[in-house]
Every structure is written in C-alpha cells, then in structure tokens.
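Down below is the structure, laid out as structure tokens.
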Amino acid sequence: MMNNDIASKNKTERIIGNVLGEKLSPTIIIFSGIHGNENAGVSAGKNVIKKIENEHIKFQGNLFIIQGNINALKKGIRYEDVDLNRIWNKENIDKIKLSSNSFNADENEQLEIYLQIKDIFKTQKGPFYFLDLHTTSSPTVPFITISDSLNNRDFSSKFPVPIVLGIEEYLDGPLLTYLNEFGHVSLGFEAGEHFDEQSVMNCEAFIWLALVYSKCVKKSELNNLVYYKKELLKSKCTNKYKFFEIDLQYIIKKDEDFKMKSGFNNFEKIKNNQKLAKSNGKDVRAAMNGRIFMPLYQELGNDGFFIITRISYFWLKTSLIVRKLNTHHFLRLLPGIEKDPYNSYTLNVNPKTAKFLTKEIFHLFGYRKQVLKDDRFHFIKRDRKITEFH
Ligand SMILES: [Zn+2]
C-alpha cells in the first residue's frame with residue numbers, strides 16, 4: 001500500500017528528495033554536498049528516496065533532502081570562493097538578505113539554501129531535525145559532531161558512533177551552529193573518507209537510523225535495519241568511549257608550508273611530543289596525550305589537525321544535572337561575569353575571571369564558544385528555547 005506522497009513535483013535541483021508522509025510532523029531536513037568535493041551524502045540521499053519509493057515504506061512526517069553547494073558539486077571542487085560551511089553568521093546572513101549587491105558563487109548558494117529553510121519552517125510542522133552529511137580527507141570511522149545542547153546530546157547518543165562535542169568553538173560559521181541557535185536538534189555526520197565507496201553506505205545507514213529514531217519510519221518497515229546499525233556503523237567503531245571533546249586546534253597560518261605526517265587515522269591515539277606534521281620544514285609535535293582528529297590530507301582548509309580526549313561519564317552526568325536545574329544563573333553572581341544586555345544566552349566575562357574559572361566550568365553549564373569582543377570574553381549558551389528562524 002502506498003500512502004506517502006513522494007513529492008516529485010517538489011523536486012528541484014536544490015531539493016533532491018521530498019517525502020510528505022501520513023502525519024504532519026516531525027520534519028527532517030538533510031543537507032548533502034555543502035562541500036562540493038563531498039558527493040557521498042548526495043548519492044546516499046537519492047538512494048534513500050528511491051528505497052522509500054520502491055519498497056513503499058510507510059512514512060510519518062516529512063523529509064527534505066537538500067543539495068548544498070550545487071555549483072561546486074558540478075565542478076567537483078570544495079567551494080568556489082568561500083567555504084559554504086563557514087559563512088553562517090548573523091553578519092553574513094544580514095548581508096545576503098538585505099543587500100542587492102552581487103555576491104560570490106558560494107553566497108548565492110547560501111541565499112538559496114537560507115530561503116529554502118525559511119520556506120520549510122513556514123510550511124511544515126516541528127519538531128525539526130537538521131542533519132548535515134559530510135566526508136573527510138583522512139580515513140575515519142563514522143562519527144557525529146554536535147554543539148553541546150542537551151537535545152543534541154540526547155538524539156545523537158542513540159547512534160552507535162562516537163560523538164565529538166564543541167567543534168563550533170573552533171570553527172566560524174558552520175550551518176548547523178546557526179540552526180542550533182533557534183533551538184533545533186542539529187547533527188553533523190562525517191561518514192568516512194571522501195572517495196571511499198563505503199562512505200555512501202554509511203550516510204544511508206545514518207539517514208535510516210535518524211528516520212527510525214525520530215519516529216518517521218517504524219523499525220518493522222525496514223528489513224535491513226540491523227545491517228545498517230550493527231554491521232555498517234557499530235562494527236567499525238571500536239572506541240569504547242562515546243563522547244569526545246576538542247582540546248587543541250592546530251591552525252595553519254597564511255603562507256605556512258604545512259604537511260601532515262602520512263598515515264594517521266582519525267581518532268588514532270597519540271602521545272605527548274609525538275611528531276605529527278611538518279611546518280616550513282620543522283617538526284610539529286603533539287602538545288598533549290590524546291587522539292588525533294581531522295588530520296588534513298587535502299589542499300584546502302586552515303585546520304591542520306585537532307587533538308581530542310574522551311569526556312567522562314561523570315562530567316556528562318554532572319553537566320546534565322546542573323543544566324536541568326538551571327543553575328547557570330549562579331555563574332552570573334560571580335565577580336567579573338555579567339549577562340549580555342543584548343542577548344540573554346550570552347555571558348560577558350572579564351578576561352581575569354575567564355582565566356581563573358577556566359573554560360571547563362563554562363562548558364559544564366552549557367556555555368561554549370568564547371569570543372573576545374571589547375576586552376570581554378563572550379560565552380554563548382547552547383541550550384535554547386525554540387524561536388522563530390530568521
Ligand atoms: Zn565537509
């Protein structure tokens with residue numbers, strides 16, 4: 001029996017798949033190919049739609065699969081002028097919304113995607129789940145990245161893959177961080193190496209699990225759910241620990257000749273002082289014990305590598321409790337900390353206090369991303385109430 005409306009009339013170059021199911025909610029929005037050299041998510045999105053169609057899979061709620069940087073995808077390049085996943089900040093969005101100036105190719109893509117999201121919010125019902133599919137330049141087990149809000153933690157922990165928190169503290173303007181500010185669940189998924197065929201399968205597995213966990217598709221509708229979950233995702237993730245946090249970022253300077261030492265796998269354990277890369281002919285060594293994360297094996301990009309460590313179960317539990325009890329108000333009672341007059345989710349912190357308290361305290365209470373502005377550190381809360389997208 002076919003109940004879904006596979007909305008082929010809604011298929012555009014931007015929307016590569018759209019299913020309008022029996023119920024009006026939830027609404028799942030999947031981004032693919034935000035980086036034009038990462039085609040795996042696009043192929044996976046198309047395969048999922050085909051399977052829903054061919055096997056008459058019953059669907060509750062709505063699904064939109066959106067193609068990201070269409071121009072760059074066609075050319076097989078990461079981006080044309082600017083990285084489409086580094087320009088989702090208020091300043092840039094105001095610019096593309098308000099100005100009639102011509103933008104660069106990637107900002108044109110951004111404007112179209114922005115308007116598409118706006119349209120989905122206007123016409124569909126929540127809860128909304130945003131998923132963004134990527135691949136990496138180094139071999140990797142599949143993993144999830146999230147901003148550390150409790151709703152993101154809750155949804156991401158259902159998947160049998162490692163989860164890395166707080167990457168937004170190190171990156172400017174990723175799409176999902178922007179969406180997260182309106183309170184919606186938003187997960188990034190890194191499926192594997194760019195050209196590994198397995199990356200397409202991993203993306204498909206991730207999409208199917210997301211559709212089951214968000215209750216769009218009943219388990220019983222899928223004959224190979226166990227395969228997706230256990231064989232494709234879980235079997236490769238030998239890490240005993242689930243949640244990781246970024247401790248160190250190596251930024252490549254302008255005109256620096258950086259070369260990562262070959263052979264690192266993502267999540268591989270490294271020791272303090274171990275040789276990791278060459279910079280202008282000199283060794284770059286690890287400044288701490290941990291695991292190597294996202295080592296750069298492609299031409300484009302400013303992040304040489306990150307070092308991550310596991311987050312203890314105790315820390316996760318404690319931060320859950322302090323946030324549920326809303327104890328973050330106590331932070332504002334400390335000297336040198338005040339609420340930002342313009343944004344209730346932001347704390348302005350005197351640099352002396354910031355040094356004394358350390359980042360971890362703010363992380364515990366759910367604050368991330370310290371930006372230095374007017375001699376104050378701005379810490380931004382990740383847990384949000386749902387507000388209207390703008
Ligand atoms: Zn990417």
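All residue names refer to the structure tokens as shown: chains lettered A, B, ... in order, residues numbered from 1 in each chain, ligands numbered from 1 in order.
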Q: Would you mind writing down, as a PyMOL selection string, each residue of range 139-383 of chain A that DSSP on the backbone assigns to strand (DSSP E)?
A: chain A and resi 143-146+163-165+185-193+243-251+258-260+269-270+275-279+282-285+290-293+303-310+337-339+346-349+367-373+376-381
Q | Spatial neighbours of range 288-302 of chain A, max dist 10 Å, only C-alpha atoms, sep filter under 2 positions, as JSON, numbers by chain | A | {"A": [77, 78, 79, 83, 136, 137, 138, 139, 140, 164, 244, 246, 247, 248, 249, 250, 251, 252, 253, 254, 258, 259, 260, 261, 262, 263, 264, 265, 266, 267, 268, 269, 270, 271, 272, 273, 274, 276, 277, 285, 286, 304, 305, 306, 307, 308, 309, 310]}
Neighbours of ligand 1 within 7 Å, counting only C-alpha atoms and all ligand atoms, as a PDB file with all heavy atoms, in the first residue's frame?
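What ended up in pocket.pdb:
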```pdb
ATOM      1  N   ILE A  34      27.263  20.157   1.083  1.00  0.00           N
ATOM      2  CA  ILE A  34      27.559  21.546   1.465  1.00  0.00           C
ATOM      3  C   ILE A  34      28.997  21.854   1.039  1.00  0.00           C
ATOM      4  O   ILE A  34      29.321  22.964   0.646  1.00  0.00           O
ATOM      5  CB  ILE A  34      27.353  21.741   2.995  1.00  0.00           C
ATOM      6  CG1 ILE A  34      25.862  21.714   3.350  1.00  0.00           C
ATOM      7  CG2 ILE A  34      28.028  23.030   3.481  1.00  0.00           C
ATOM      8  CD1 ILE A  34      25.051  22.935   2.982  1.00  0.00           C
ATOM      9  N   HIS A  35      29.844  20.840   1.100  1.00  0.00           N
ATOM     10  CA  HIS A  35      31.175  20.921   0.482  1.00  0.00           C
ATOM     11  C   HIS A  35      31.104  20.181  -0.856  1.00  0.00           C
ATOM     12  O   HIS A  35      30.740  19.002  -0.896  1.00  0.00           O
ATOM     13  CB  HIS A  35      32.236  20.263   1.385  1.00  0.00           C
ATOM     14  CG  HIS A  35      32.548  21.090   2.593  1.00  0.00           C
ATOM     15  ND1 HIS A  35      32.614  20.558   3.859  1.00  0.00           N
ATOM     16  CD2 HIS A  35      32.794  22.423   2.713  1.00  0.00           C
ATOM     17  CE1 HIS A  35      32.911  21.543   4.714  1.00  0.00           C
ATOM     18  NE2 HIS A  35      33.018  22.677   4.038  1.00  0.00           N
ATOM     19  N   GLU A  38      32.339  16.631  -1.642  1.00  0.00           N
ATOM     20  CA  GLU A  38      31.833  15.557  -0.790  1.00  0.00           C
ATOM     21  C   GLU A  38      30.491  15.080  -1.336  1.00  0.00           C
ATOM     22  O   GLU A  38      29.433  15.544  -0.948  1.00  0.00           O
ATOM     23  CB  GLU A  38      31.713  16.063   0.655  1.00  0.00           C
ATOM     24  CG  GLU A  38      33.055  16.512   1.210  1.00  0.00           C
ATOM     25  CD  GLU A  38      32.964  17.127   2.610  1.00  0.00           C
ATOM     26  OE1 GLU A  38      31.896  17.037   3.242  1.00  0.00           O
ATOM     27  OE2 GLU A  38      33.974  17.696   3.045  1.00  0.00           O
ATOM     28  N   HIS A 134      28.659  14.857   5.701  1.00  0.00           N
ATOM     29  CA  HIS A 134      29.993  15.227   5.217  1.00  0.00           C
ATOM     30  C   HIS A 134      30.881  13.999   5.093  1.00  0.00           C
ATOM     31  O   HIS A 134      30.535  12.917   5.571  1.00  0.00           O
ATOM     32  CB  HIS A 134      30.667  16.193   6.197  1.00  0.00           C
ATOM     33  CG  HIS A 134      30.090  17.566   6.173  1.00  0.00           C
ATOM     34  ND1 HIS A 134      30.657  18.595   5.479  1.00  0.00           N
ATOM     35  CD2 HIS A 134      28.966  18.074   6.753  1.00  0.00           C
ATOM     36  CE1 HIS A 134      29.928  19.685   5.636  1.00  0.00           C
ATOM     37  NE2 HIS A 134      28.890  19.399   6.402  1.00  0.00           N
ATOM     38  N   THR A 135      32.050  14.210   4.448  1.00  0.00           N
ATOM     39  CA  THR A 135      33.115  13.200   4.458  1.00  0.00           C
ATOM     40  C   THR A 135      34.426  13.924   4.756  1.00  0.00           C
ATOM     41  O   THR A 135      34.480  15.142   4.719  1.00  0.00           O
ATOM     42  CB  THR A 135      33.207  12.466   3.101  1.00  0.00           C
ATOM     43  OG1 THR A 135      33.210  13.431   2.039  1.00  0.00           O
ATOM     44  CG2 THR A 135      32.060  11.505   2.898  1.00  0.00           C
ATOM     45  N   THR A 136      35.471  13.164   5.053  1.00  0.00           N
ATOM     46  CA  THR A 136      36.749  13.766   5.476  1.00  0.00           C
ATOM     47  C   THR A 136      37.886  13.386   4.523  1.00  0.00           C
ATOM     48  O   THR A 136      37.761  12.449   3.748  1.00  0.00           O
ATOM     49  CB  THR A 136      37.139  13.273   6.889  1.00  0.00           C
ATOM     50  OG1 THR A 136      37.244  11.849   6.848  1.00  0.00           O
ATOM     51  CG2 THR A 136      36.127  13.661   7.928  1.00  0.00           C
TER      52      THR A 136
END
```
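With only C-alpha atoms as the atoms that count, the minimum distance from Ile65 in chain A to the choices A:Phe130, A:Trp315, A:Phe206, A:Phe389 is reached by A:Phe130.
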Neighbour list for Arg14 in chain A as a PDB file with N, CA, C and O atoms, in the first residue's frame, cut-off 9 Å, only C-alpha atoms, skip fewer than 5 positions in-chain:
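And here's selection_17.pdb as it stands now:
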```pdb
ATOM      1  N   ILE A  65      15.477  16.408   1.396  1.00  0.00           N
ATOM      2  CA  ILE A  65      16.919  16.218   1.221  1.00  0.00           C
ATOM      3  C   ILE A  65      17.423  17.329   0.305  1.00  0.00           C
ATOM      4  O   ILE A  65      16.971  17.470  -0.836  1.00  0.00           O
ATOM      5  N   ILE A  66      18.302  18.135   0.854  1.00  0.00           N
ATOM      6  CA  ILE A  66      18.718  19.364   0.181  1.00  0.00           C
ATOM      7  C   ILE A  66      20.149  19.244  -0.313  1.00  0.00           C
ATOM      8  O   ILE A  66      21.025  18.750   0.400  1.00  0.00           O
ATOM      9  N   GLN A  67      20.345  19.673  -1.550  1.00  0.00           N
ATOM     10  CA  GLN A  67      21.685  19.683  -2.107  1.00  0.00           C
ATOM     11  C   GLN A  67      22.353  21.014  -1.739  1.00  0.00           C
ATOM     12  O   GLN A  67      21.747  22.064  -1.917  1.00  0.00           O
ATOM     13  N   GLY A  68      23.588  20.939  -1.257  1.00  0.00           N
ATOM     14  CA  GLY A  68      24.263  22.131  -0.749  1.00  0.00           C
ATOM     15  C   GLY A  68      24.865  23.005  -1.824  1.00  0.00           C
ATOM     16  O   GLY A  68      24.169  23.776  -2.484  1.00  0.00           O
ATOM     17  N   ILE A  70      25.654  23.445  -5.072  1.00  0.00           N
ATOM     18  CA  ILE A  70      25.383  22.824  -6.379  1.00  0.00           C
ATOM     19  C   ILE A  70      26.475  23.175  -7.386  1.00  0.00           C
ATOM     20  O   ILE A  70      26.988  22.315  -8.106  1.00  0.00           O
ATOM     21  N   GLU A 112      20.096  30.861  -1.454  1.00  0.00           N
ATOM     22  CA  GLU A 112      19.060  29.907  -1.876  1.00  0.00           C
ATOM     23  C   GLU A 112      18.728  28.905  -0.773  1.00  0.00           C
ATOM     24  O   GLU A 112      17.567  28.575  -0.538  1.00  0.00           O
ATOM     25  N   ILE A 113      19.783  28.427  -0.098  1.00  0.00           N
ATOM     26  CA  ILE A 113      19.558  27.457   0.986  1.00  0.00           C
ATOM     27  C   ILE A 113      18.807  28.135   2.130  1.00  0.00           C
ATOM     28  O   ILE A 113      17.859  27.575   2.693  1.00  0.00           O
ATOM     29  N   GLN A 116      15.235  28.449   1.267  1.00  0.00           N
ATOM     30  CA  GLN A 116      14.629  27.117   1.301  1.00  0.00           C
ATOM     31  C   GLN A 116      14.280  26.710   2.734  1.00  0.00           C
ATOM     32  O   GLN A 116      13.184  26.217   3.007  1.00  0.00           O
TER      33      GLN A 116
END
```
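The shortest atom-to-atom distance to Thr27 in chain A, with only C-alpha atoms taken into account, belongs to A:Ala210 out of A:Ser199, A:Ala210, A:Ser43, A:Asn180.
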Q.
Taking 2 positions as the minimum chain separation for residues in the same chain, which residues sit within 10 Å of range 217-233 of chain A when counting only C-alpha atoms? Answer as an NGL selection string.
A. :A and (21 or 52 or 55-61 or 141-143 or 159-161 or 191 or 198-199 or 201-215 or 235-237)
Q: Using DSSP on the backbone, list every residue of range 255-367 of chain A that comes out as alpha helix (DSSP H), and give them as a list in words.
A: Tyr313, Phe314, Trp315, Leu316, Lys317, Thr318, Ser319, Leu320, Ile321, Val322, Arg323, Lys324, Pro351, Lys352, Thr353, Ala354, Lys355, Phe356, Leu357, Thr358, Lys359, Glu360, Ile361, Phe362, His363 and Leu364 of chain A
**Q.** Separation of CA of Ser157 in chain A from CA of His194 in chain A, in Å and rounded to one decimal
**A.**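 Computing it gives 24.5 Å between the two atoms.
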**Q.** Using only C-alpha atoms: which of A:Tyr345, A:Tyr367, A:Phe377, A:Phe330 has the shortest distance to Glu168 in chain A
**A.**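 Ranked by minimum distance to Glu168 in chain A, first place goes to A:Tyr367.
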Shell of 10 Å around Leu331 in chain A, only C-alpha atoms, local chain residues under 6 positions omitted, as a PDB file with C-alpha atoms, in the first residue's frame:
```
ATOM      1  CA  ILE A 337      30.592  37.894  34.880  1.00  0.00           C
ATOM      2  CA  GLU A 338      27.507  39.641  33.568  1.00  0.00           C
ATOM      3  CA  LYS A 339      24.642  38.929  31.259  1.00  0.00           C
ATOM      4  CA  LEU A 347      27.659  35.912  29.287  1.00  0.00           C
ATOM      5  CA  ILE A 361      33.361  25.454  34.104  1.00  0.00           C
ATOM      6  CA  PHE A 362      31.513  27.264  31.324  1.00  0.00           C
ATOM      7  CA  PHE A 365      26.991  24.879  32.469  1.00  0.00           C
TER       8      PHE A 365
END
```
Q: Quote the spacing between CA of Ser99 in chain A and CA of Leu111 in chain A in Å to one decimal place.
A: 11.2 Å
Q. Can you tell me how far CA of Arg368 in chain A sits from CA of Lys95 in chain A, in Å to one decimal?
A.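 Taking CA of Arg368 in chain A as the start and CA of Lys95 in chain A as the end point, the length is 25.2 Å.
Counting only C-alpha atoms and comparing A:Ser149, A:Ser156, A:Ser344, A:Ser279, the residue that lies closest to His184 in chain A is A:Ser149.
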